[in-house]
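Here is the structure we will look at.
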Amino acid sequence: LLNNKLLYTELLAKLGLPTPQTQALVSQRTYAGEVPTLRDSESIQGFLRDQARYPLFGKPIDGSLSAGSVRITSRTGEDLHLANGTTRTISAFADEVMQRYPNGFLFQSALASHAKIAEMAGPSTACVRVVTVNDGACIRPAYAVWKLPAPKAMSDNFWQAGSLLALLDLETGRIRSCRRGTGVKTEWFSRHPETGVQITGHVLPLWAETLDLARRAHQVFPEFGICGFDIAITPEGPVIVECNDTPAHMLYQLAAQRGIRTEDLAPTWDGVIARQKERLAQFRVVQKAGLKKRGIRRAAS
């Protein structure tokens, strides 16, 4: 369910948690309820000409690492204007979506950034990755990093050239450090290399609300030990863009320049592991009892 970007965001929205509005789904075999479903290239073209509300964000329904994502800023006649500065004709874009994404493609309303976020990172959506844990005692945040997109990037994923990654103080939302690149090519910045605005030392807006939203979203699926939420901070408040059930911690390790089994973080992971082992043991007891009960019934019959 978490891997299905349509079902997950629609579920959270139904429960009152803010998510991007889905304008349409491209799929030849999926039923999407009240969400308009586009079955072929012609219906995609009609949507982009007549129904779409721009700016628009598109992504595969089951993709990862922002592969295939596109931010369409506006339309002029038959041309779509993309965030990377290029244009595509509506017909060519629609044909490509049908050919490349047979499992489905989402069109959602692109999110505007909070004024303080836009001042530092530019107009594109810059999500905060909040990783939460459930160790049995409570659901709480473990760490957070901020993904700043390059000026002409389609999304904020760190693999895109020019994107930045900032390490955040979990308690306050203060930006502790900011970097670009990996390995020996890493560059550190106190100011944004494109906008020139000071980054380190600033506090992200609506921080308490952002952490609270991550907690509540994890509570929808408390059986998960670890979740990684991508949250956009907008003028209306934080919005959950996606959830990663296996966040892998790569972003944190790049931003912090250290591993995750450190003196301060190791107890967190150990607590999650202990809870999951306990849950597995309980499941095996129940499973064994069920098998025994079914065996007795078979013998009686």
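Labels used: A, B, ... for chains in the order of the structure tokens, numbers from 1 for residues in each chain, and numbers from 1 for ligands as shown.
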
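Proximity to Leu17 (chain A) at 12 Å, evaluated using only C-alpha atoms and with sequence-adjacent residues fewer than 3 positions away removed, yields Tyr8, Thr9, Glu10, Leu11, Leu12, Ala13, Lys14, Pro20, Gln21, Glu209, Thr210, Asp212, Leu213, Ala214, Arg215, Arg216, Ala217, His218, Gln219, Val220, Ile231, Gly237, Pro238, Val239, Ile240 and Val241 of chain A.
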
Just to be explicit: take each residue in the selection above, keep N, CA and C atoms, and write the result as an mmCIF file, in the first residue's frame.
data_model
loop_
_atom_site.group_PDB
_atom_site.id
_atom_site.type_symbol
_atom_site.label_atom_id
_atom_site.label_comp_id
_atom_site.auth_asym_id
_atom_site.auth_seq_id
_atom_site.Cartn_x
_atom_site.Cartn_y
_atom_site.Cartn_z
ATOM 1 N N TYR A 8 -2.058 5.346 -1.101
ATOM 2 C CA TYR A 8 -1.547 5.838 0.168
ATOM 3 C C TYR A 8 -1.978 7.280 0.423
ATOM 4 N N THR A 9 -1.795 8.148 -0.557
ATOM 5 C CA THR A 9 -2.163 9.547 -0.344
ATOM 6 C C THR A 9 -3.678 9.719 -0.222
ATOM 7 N N GLU A 10 -4.451 8.923 -0.977
ATOM 8 C CA GLU A 10 -5.902 9.018 -0.870
ATOM 9 C C GLU A 10 -6.380 8.546 0.503
ATOM 10 N N LEU A 11 -5.733 7.510 1.051
ATOM 11 C CA LEU A 11 -6.093 7.036 2.384
ATOM 12 C C LEU A 11 -5.818 8.103 3.432
ATOM 13 N N LEU A 12 -4.634 8.700 3.385
ATOM 14 C CA LEU A 12 -4.308 9.731 4.369
ATOM 15 C C LEU A 12 -5.260 10.919 4.263
ATOM 16 N N ALA A 13 -5.576 11.311 3.032
ATOM 17 C CA ALA A 13 -6.507 12.426 2.845
ATOM 18 C C ALA A 13 -7.871 12.093 3.440
ATOM 19 N N LYS A 14 -8.319 10.844 3.274
ATOM 20 C CA LYS A 14 -9.605 10.429 3.822
ATOM 21 C C LYS A 14 -9.595 10.497 5.346
ATOM 22 N N PRO A 20 -0.929 15.978 -1.306
ATOM 23 C CA PRO A 20 -1.205 16.679 -2.559
ATOM 24 C C PRO A 20 -2.501 16.188 -3.190
ATOM 25 N N GLN A 21 -3.214 17.076 -3.848
ATOM 26 C CA GLN A 21 -4.461 16.692 -4.506
ATOM 27 C C GLN A 21 -4.152 15.957 -5.805
ATOM 28 N N GLU A 209 4.774 21.443 13.812
ATOM 29 C CA GLU A 209 3.677 20.881 13.023
ATOM 30 C C GLU A 209 4.171 19.796 12.070
ATOM 31 N N THR A 210 5.374 19.992 11.516
ATOM 32 C CA THR A 210 5.940 19.005 10.594
ATOM 33 C C THR A 210 6.219 17.684 11.303
ATOM 34 N N ASP A 212 4.848 16.645 14.089
ATOM 35 C CA ASP A 212 3.576 16.074 14.543
ATOM 36 C C ASP A 212 2.864 15.358 13.397
ATOM 37 N N LEU A 213 2.933 15.921 12.193
ATOM 38 C CA LEU A 213 2.305 15.280 11.041
ATOM 39 C C LEU A 213 2.962 13.935 10.746
ATOM 40 N N ALA A 214 4.291 13.873 10.835
ATOM 41 C CA ALA A 214 4.992 12.608 10.616
ATOM 42 C C ALA A 214 4.568 11.567 11.652
ATOM 43 N N ARG A 215 4.445 11.980 12.901
ATOM 44 C CA ARG A 215 4.007 11.046 13.954
ATOM 45 C C ARG A 215 2.619 10.489 13.646
ATOM 46 N N ARG A 216 1.688 11.389 13.313
ATOM 47 C CA ARG A 216 0.313 10.943 13.065
ATOM 48 C C ARG A 216 0.233 10.031 11.847
ATOM 49 N N ALA A 217 1.020 10.314 10.822
ATOM 50 C CA ALA A 217 1.011 9.468 9.628
ATOM 51 C C ALA A 217 1.566 8.084 9.939
ATOM 52 N N HIS A 218 2.592 8.018 10.784
ATOM 53 C CA HIS A 218 3.133 6.709 11.173
ATOM 54 C C HIS A 218 2.105 5.940 12.003
ATOM 55 N N GLN A 219 1.304 6.633 12.772
ATOM 56 C CA GLN A 219 0.288 5.970 13.592
ATOM 57 C C GLN A 219 -0.786 5.279 12.755
ATOM 58 N N VAL A 220 -0.908 5.673 11.481
ATOM 59 C CA VAL A 220 -1.851 4.989 10.591
ATOM 60 C C VAL A 220 -1.388 3.553 10.339
ATOM 61 N N ILE A 231 8.006 15.417 3.456
ATOM 62 C CA ILE A 231 6.985 16.400 3.834
ATOM 63 C C ILE A 231 7.349 17.761 3.251
ATOM 64 N N GLY A 237 0.665 24.930 5.550
ATOM 65 C CA GLY A 237 1.137 23.983 6.545
ATOM 66 C C GLY A 237 1.870 22.825 5.901
ATOM 67 N N PRO A 238 2.386 21.881 6.711
ATOM 68 C CA PRO A 238 3.104 20.734 6.154
ATOM 69 C C PRO A 238 2.156 19.775 5.443
ATOM 70 N N VAL A 239 2.662 19.148 4.368
ATOM 71 C CA VAL A 239 1.883 18.228 3.545
ATOM 72 C C VAL A 239 2.730 16.980 3.282
ATOM 73 N N ILE A 240 2.156 15.803 3.469
ATOM 74 C CA ILE A 240 2.881 14.563 3.208
ATOM 75 C C ILE A 240 2.851 14.273 1.714
ATOM 76 N N VAL A 241 4.034 14.217 1.115
ATOM 77 C CA VAL A 241 4.147 13.914 -0.309
ATOM 78 C C VAL A 241 4.250 12.409 -0.524
#

*All residues 9 Å or closer to Arg29 (chain A), only C-alpha atoms, same chain fewer than 3 positions away omitted, as a ChimeraX atom specification*: /A:39,103-104

*Residues near His249 (chain A), cut-off 12 Å, only C-alpha atoms, skip fewer than 5 positions along chain, as a ChimeraX atom specification*: /A:129-132,142-145,226-229,244,254-261,265,269

_Could you pull out the strand (DSSP E) residues of region 134-238 of chain A, going by DSSP on the backbone, and write them as a ChimeraX atom specification?_
/A:134,139-148,164-168,175-180,187-188,226-234,237-238

*So what do you get for CA of Thr186 (chain A) versus CA of Thr262 (chain A), distance-wise?*
22.0 Å

*asked:* Residues of region 226-286 of chain A classed as helix (DSSP H, G or I) by DSSP on the backbone are to be reported as a PyMOL selection string.
replied: chain A and resi 250-256+266-286

Okay, now the selection with N, CA and C atoms, as a compact mmCIF listing (two decimals), in the first residue's frame?
# COMPACT_ATOMS: atom_id res chain seq x y z
N MET A 250 20.34 6.53 3.72
CA MET A 250 21.41 7.06 2.89
C MET A 250 21.50 8.58 2.99
N LEU A 251 20.35 9.25 2.96
CA LEU A 251 20.35 10.71 2.99
C LEU A 251 20.96 11.23 4.29
N TYR A 252 20.61 10.59 5.39
CA TYR A 252 21.17 11.03 6.68
C TYR A 252 22.68 10.84 6.69
N GLN A 253 23.15 9.71 6.20
CA GLN A 253 24.59 9.44 6.25
C GLN A 253 25.37 10.41 5.35
N LEU A 254 24.75 10.80 4.23
CA LEU A 254 25.40 11.80 3.37
C LEU A 254 25.42 13.17 4.05
N ALA A 255 24.31 13.54 4.67
CA ALA A 255 24.21 14.86 5.28
C ALA A 255 25.06 14.97 6.54
N ALA A 256 25.08 13.89 7.34
CA ALA A 256 25.79 13.93 8.62
C ALA A 256 27.24 13.49 8.52
N ALA A 266 22.10 4.36 17.90
CA ALA A 266 22.02 2.90 18.01
C ALA A 266 20.92 2.42 18.94
N PRO A 267 20.72 3.05 20.13
CA PRO A 267 19.62 2.59 21.00
C PRO A 267 18.25 2.68 20.33
N THR A 268 18.06 3.64 19.44
CA THR A 268 16.79 3.76 18.72
C THR A 268 16.54 2.55 17.85
N TRP A 269 17.53 2.18 17.05
CA TRP A 269 17.38 1.02 16.16
C TRP A 269 17.26 -0.28 16.97
N ASP A 270 18.00 -0.37 18.06
CA ASP A 270 17.92 -1.57 18.90
C ASP A 270 16.52 -1.73 19.48
N GLY A 271 15.89 -0.61 19.86
CA GLY A 271 14.53 -0.66 20.38
C GLY A 271 13.54 -1.15 19.34
N VAL A 272 13.71 -0.68 18.09
CA VAL A 272 12.83 -1.12 17.00
C VAL A 272 13.02 -2.61 16.74
N ILE A 273 14.27 -3.05 16.70
CA ILE A 273 14.56 -4.46 16.44
C ILE A 273 13.97 -5.35 17.53
N ALA A 274 14.11 -4.94 18.79
CA ALA A 274 13.58 -5.72 19.90
C ALA A 274 12.06 -5.84 19.81
N ARG A 275 11.39 -4.75 19.45
CA ARG A 275 9.94 -4.80 19.31
C ARG A 275 9.52 -5.73 18.19
N GLN A 276 10.22 -5.66 17.06
CA GLN A 276 9.86 -6.51 15.93
C GLN A 276 10.10 -7.99 16.25
N LYS A 277 11.15 -8.29 16.99
CA LYS A 277 11.40 -9.68 17.39
C LYS A 277 10.29 -10.17 18.31
N GLU A 278 9.83 -9.30 19.22
CA GLU A 278 8.75 -9.68 20.12
C GLU A 278 7.46 -9.93 19.35
N ARG A 279 7.16 -9.06 18.38
CA ARG A 279 5.97 -9.24 17.56
C ARG A 279 6.04 -10.53 16.76
N LEU A 280 7.23 -10.87 16.24
CA LEU A 280 7.39 -12.11 15.48
C LEU A 280 7.18 -13.32 16.38
N ALA A 281 7.71 -13.27 17.60
CA ALA A 281 7.53 -14.37 18.54
C ALA A 281 6.06 -14.56 18.87
N GLN A 282 5.32 -13.46 19.08
CA GLN A 282 3.90 -13.55 19.37
C GLN A 282 3.13 -14.14 18.19
N PHE A 283 3.51 -13.73 16.99
CA PHE A 283 2.86 -14.25 15.79
C PHE A 283 3.06 -15.76 15.68
N ARG A 284 4.26 -16.23 15.99
CA ARG A 284 4.54 -17.66 15.89
C ARG A 284 3.75 -18.47 16.91
N VAL A 285 3.53 -17.90 18.10
CA VAL A 285 2.71 -18.57 19.11
C VAL A 285 1.28 -18.72 18.61
N VAL A 286 0.74 -17.64 18.08
CA VAL A 286 -0.63 -17.66 17.55
C VAL A 286 -0.73 -18.62 16.37

*Shell around Val197 (chain A) at 9 Å using only C-alpha atoms, local window under 6 positions removed, as an MDAnalysis selection string*: chainID A and resid 119:121 190:191

_Counting only C-alpha atoms, the option among A:Lys147, A:Arg71, A:Arg53, A:Lys5 closest to Ala232 (chain A)_ =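 The shortest atom-to-atom distance to Ala232 (chain A) comes from A:Lys147.
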
*Which polymer residues have any atom within 10 Å of an atom of Thr89 (chain A), counting only C-alpha atoms, with same-chain residues fewer than 2 positions away left out, as a list in words?*
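Close residues of Thr89 (chain A): Gln45, Arg75, Thr76, Gly77, Glu78, Asp79, Leu80, His81, Thr87, Ser91, Ala92, Phe93 and Ala94 of chain A.
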
Given the selection you just returned, output its residues as a file containing N, CA and C atoms, formatted as a short mmCIF file (atom, residue, chain, number, x, y, z; two decimals), in the first residue's frame.
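File out-v5.cif, as written:
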data_model
loop_
_atom_site.label_atom_id
_atom_site.label_comp_id
_atom_site.auth_asym_id
_atom_site.auth_seq_id
_atom_site.Cartn_x
_atom_site.Cartn_y
_atom_site.Cartn_z
N GLN A 45 -4.19 13.72 -23.38
CA GLN A 45 -4.10 14.99 -24.09
C GLN A 45 -5.30 15.88 -23.76
N ARG A 75 1.14 25.77 -19.42
CA ARG A 75 0.87 25.34 -20.79
C ARG A 75 0.61 26.56 -21.66
N THR A 76 1.17 26.54 -22.87
CA THR A 76 0.88 27.56 -23.89
C THR A 76 0.47 26.84 -25.16
N GLY A 77 -0.81 26.90 -25.49
CA GLY A 77 -1.28 26.18 -26.67
C GLY A 77 -1.03 24.69 -26.53
N GLU A 78 -0.25 24.13 -27.46
CA GLU A 78 0.06 22.70 -27.44
C GLU A 78 1.38 22.40 -26.75
N ASP A 79 1.99 23.39 -26.14
CA ASP A 79 3.29 23.20 -25.49
C ASP A 79 3.17 23.18 -23.97
N LEU A 80 3.85 22.21 -23.37
CA LEU A 80 3.96 22.14 -21.91
C LEU A 80 5.33 22.68 -21.51
N HIS A 81 5.35 23.56 -20.52
CA HIS A 81 6.60 24.15 -20.05
C HIS A 81 7.03 23.42 -18.77
N THR A 87 10.51 22.46 -23.14
CA THR A 87 9.10 22.36 -23.50
C THR A 87 8.85 21.03 -24.20
N SER A 91 0.99 16.08 -27.21
CA SER A 91 0.85 14.75 -27.81
C SER A 91 2.08 13.88 -27.56
N ALA A 92 3.27 14.45 -27.69
CA ALA A 92 4.49 13.67 -27.46
C ALA A 92 4.59 13.25 -26.00
N PHE A 93 4.25 14.15 -25.10
CA PHE A 93 4.31 13.83 -23.67
C PHE A 93 3.31 12.73 -23.33
N ALA A 94 2.09 12.83 -23.84
CA ALA A 94 1.07 11.82 -23.56
C ALA A 94 1.48 10.45 -24.08
#

*Which distance in Å separates CA of Ile117 (chain A) and CA of Leu211 (chain A), to one decimal?*
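Distance between the two atoms: 16.4 Å.
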